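Report on one structure; see the data block that follows.
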Amino acid sequence: MADFDYIITGAGSAGCVLANRLSANGRHRVLLLEAGGTDRSPWIRVPIGYGRTFTDPRFNWKYFAEPDPGLAYRRGYWPRGKVLGGSSSINAMVYVRGHRGDFDDWSAAGNPGWAYADVLAYFKRSEDHVWGASDYHGAGGPMHVSEISAAAHPLCQRFIAGCAAAGIPATADFNGAVMDGAGTWHMTIRNGWRESTASAFLRPAMQRSNLSVATRAQVTRLNFSARRASGVEYLQGGERRSARARREVILCAGAVNSPQLLQLSGIGDESVLRGLGIPVLLHAPAVGQGLQDHLAVNFYYRSRVPTLNDELYPLSGKIRAALRYLLGRRGVLGMSVNQAGAFVRSRSGLARPNMHVYFNPLSYGTVTGTERRLLQPDPFPGFLMSFNTCRPTSRGSISIVSPDPLVAPAIRPNGLSSAADVADVFEGAQLLRRIASAEPLAQVIDAELQPGAGRQSEAELLEDFRQRAGSVFHACGTCAMGPDPRSAVVDHQLRVHGIEALRVVDASVFPTVTSGNTNAPTIMVAEKAADLILQA
């Protein structure tokens with residue numbers, strides 16, 4: 001059995017950051033365990049490859065949620081990264097930090113040190129922004145953040161102009177002084193390659209002799225001496241292995257697998273654990289509770305002008321796109337198709353944006369099931385817009401259903417279980433139609449294909465949402481940070497309540513979901529956690 005100072009479970013958006021920061025001084029031996037394999041596949045490195053990794057079991061846990069009453073009892077698809085870089089290796093690469101008020105809310109909920117003024121420096125520390133250093137951006141950090149306005153499809157400018165006509169101003173930076181507005185996204189892309197936390201943080205650190213990285217190593221349980229975490233057990237190559245931690249064990253397995261590991265190890269609701277024959281180490285009823293996510297629905301449009309469909313549907317277009325990428329890592333293969341969007345206050349009297357709008361100059365409305373065939377879009381010019389409420393109030397849960405660590409936990413999203421979230425569906429649909437009816441975007445719309453002009457009433461649009469909406473893969477909150485162990489799993493230093501030498505560092509600790517994509521704030525959490533751990 002090998003000994004280390006720190007053992008990190010999961011080489012995802014947070015784990016890769018911690019592996020870099022905790023091993024940087026050379027004084028600590030660090031073990032990073034990842035259930036998946038290498039991220040060297042071109043489907044990961046080439047940005048548009050996320051359309052393939054979306055359903056590829058080599059890189060993806062491919063979870064399915066339980067039938068959700070709020071979504072017509074459908075089972076939502078929950079892709080999660082199972083590869084070096086985790087979900088940062090298979091996501092759409094959009095870099096959005098969230099609204100400053102999100103983090104002020106975290107602090108106000110009893111988590112000192114997590115207000116926006118406290119965490120901005122950690123966002124900047126991780127960043128190597130194409131614009132250089134400023135009050136809101138960092139330069140020289142490990143992760144490159146690019147700005148795509150010059151390379152985005154021309155239809156994006158029509159969307160932004162349509163938003164302006166609908167009263168939504170243009171913005172060049174959702175991560176700057178003001179989040180409100182419409183614009184193109186900033187992306188975690190470097191010179192035409194995906195910038196995951198594996199490429200940005202882990203690869204440079206892997207040459208250090210004090211960092212060990214084990215792939216295809218699935219952690220099955222945590223070990224304890226009394227109520228102090230002492231190490232982990234894991235499966236690798238069909239063999240059961242173990243490692244000891246002299247200082248700390250750090251869970252970075254994500255919003256699904258971190259609560260699963262705690263429960264498998266005897267930390268969770270005692271009635272659930274005893275029902276599965278798992279010895280109870282600590283009754284911790286909040287483990288796996290508080291699941292939050294963003295739910296979105298796509299509105300599909302047939303276009304009167306060419307879109308990315310025209311470039312990527314025909315074989316000749318695919319060949320041209322491949323040649324352009326191979327010759328200079330430029331063009332559509334070198335970026336996300338999720339290119340523009342907006343953060344909007346859909347009604348007066350709101351203190352911050354309540355709606356997140358996405359604009360893709362491509363459509364795949366004829367694709368069914370879990371597929372997201374970005375290189376096989378609809379065979380006609382089309383695009384899509386979608387929306388989700390920024391801070392949903394519905395809450396779900398993650399719970400193990402077996403003591404077998406290889407059995408997936410039950411994911412119960414409990415979508416649309418609050419009246420506020422239901423009301424937001426109609427507001428969001430009205431918002432998209434207001435943008436679509438504004439010039440110059442309206443000029444290029446031939447028809448709204450889904451949900452279609454025949455659906456106008458609040459009841460009809462709500463039913464359409466229930467039938468078609470799905471996760472945008474921003475799960476968080478299942479090991480929430482807070483002062484009360486009855487409602488939170490970790491304290492403001494990310495230490496598990498009631499257990500020594502054990503922390504959780506990933507999106508599961510978010511007290512409330514941030515207003516936007518969750519990869520950037522997860523990286524920030526890991527940056528701050530590294531300081532907390534090293535200062536302990």
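Identifiers in the structure tokens: chain A, B, ... in order shown; residue index from 1 per chain; ligand index from 1 in order shown.
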DSSP on the backbone, then: every residue of range 265-413 of chain A marked helix (DSSP H, G or I), written as a ChimeraX atom specification. /A:270-275,308-312,315-328,332-334
Self-check item: range 321-332 of chain A surroundings by only C-alpha atoms, 9 Å radius, close-in-sequence under 2 positions cut, as number ranges by chain
Solution: A: 46-48, 151-153, 191-193, 308, 311-312, 316-319, 334-337
Computed gap from CA of Asn91 in chain A to CA of Cys252 in chain A is 17.2 Å
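Across the structure, CA of Leu416 in chain A and CA of Ser397 in chain A are spaced 13.9 Å apart.
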Q. Near Ser225 in chain A, within 12 Å and counting only C-alpha atoms, which residues show up once chain neighbours fewer than 4 positions away are dropped, as a ChimeraX atom specification?
A. /A:229-232,244-246,281,499-502
Convert the current residue selection to file output with C-alpha atoms, as a PDB file, in the first residue's frame.
```pdb
ATOM      1  CA  ALA A 229     -10.160   9.815   6.428  1.00  0.00           C
ATOM      2  CA  SER A 230      -7.057   7.674   6.012  1.00  0.00           C
ATOM      3  CA  GLY A 231      -7.103   6.572   2.390  1.00  0.00           C
ATOM      4  CA  VAL A 232      -9.055   4.999  -0.455  1.00  0.00           C
ATOM      5  CA  ARG A 244      -3.048   5.869   2.330  1.00  0.00           C
ATOM      6  CA  ALA A 245      -3.276   9.629   2.802  1.00  0.00           C
ATOM      7  CA  ARG A 246      -1.088  11.222   5.456  1.00  0.00           C
ATOM      8  CA  LEU A 281     -19.970   5.972   9.972  1.00  0.00           C
ATOM      9  CA  ILE A 499     -15.095  14.007   9.537  1.00  0.00           C
ATOM     10  CA  GLU A 500     -11.416  14.926   9.736  1.00  0.00           C
ATOM     11  CA  ALA A 501      -9.019  15.074   6.770  1.00  0.00           C
ATOM     12  CA  LEU A 502     -11.790  14.827   4.160  1.00  0.00           C
TER      13      LEU A 502
END
```
*Residues near range 462-465 of chain A, cut-off 8 Å, only C-alpha atoms, skip fewer than 3 positions along chain, as a list in words*: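 Final neighbour list, sorted by chain and number: Leu71, Val297, Val422, Val425, Phe426, Pro451, Glu458, Ala459, Arg468 and Ala469 of chain A.
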In Å and to one decimal, CA of Phe4 in chain A is distant from CA of Val17 in chain A by 17.6 Å
Notebook entry, point to check: Can you list, as a list in words, every residue of range 69-148 of chain A that DSSP puts in strand (DSSP E or B)?
Noted result: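 Residues meeting the strand (DSSP E or B) criterion: Arg74, Tyr77, Trp78, Gly81, Val83, Val94, Glu127, Asp128, His129, Met143, His144, Val145, Ser146 and Glu147 of chain A.
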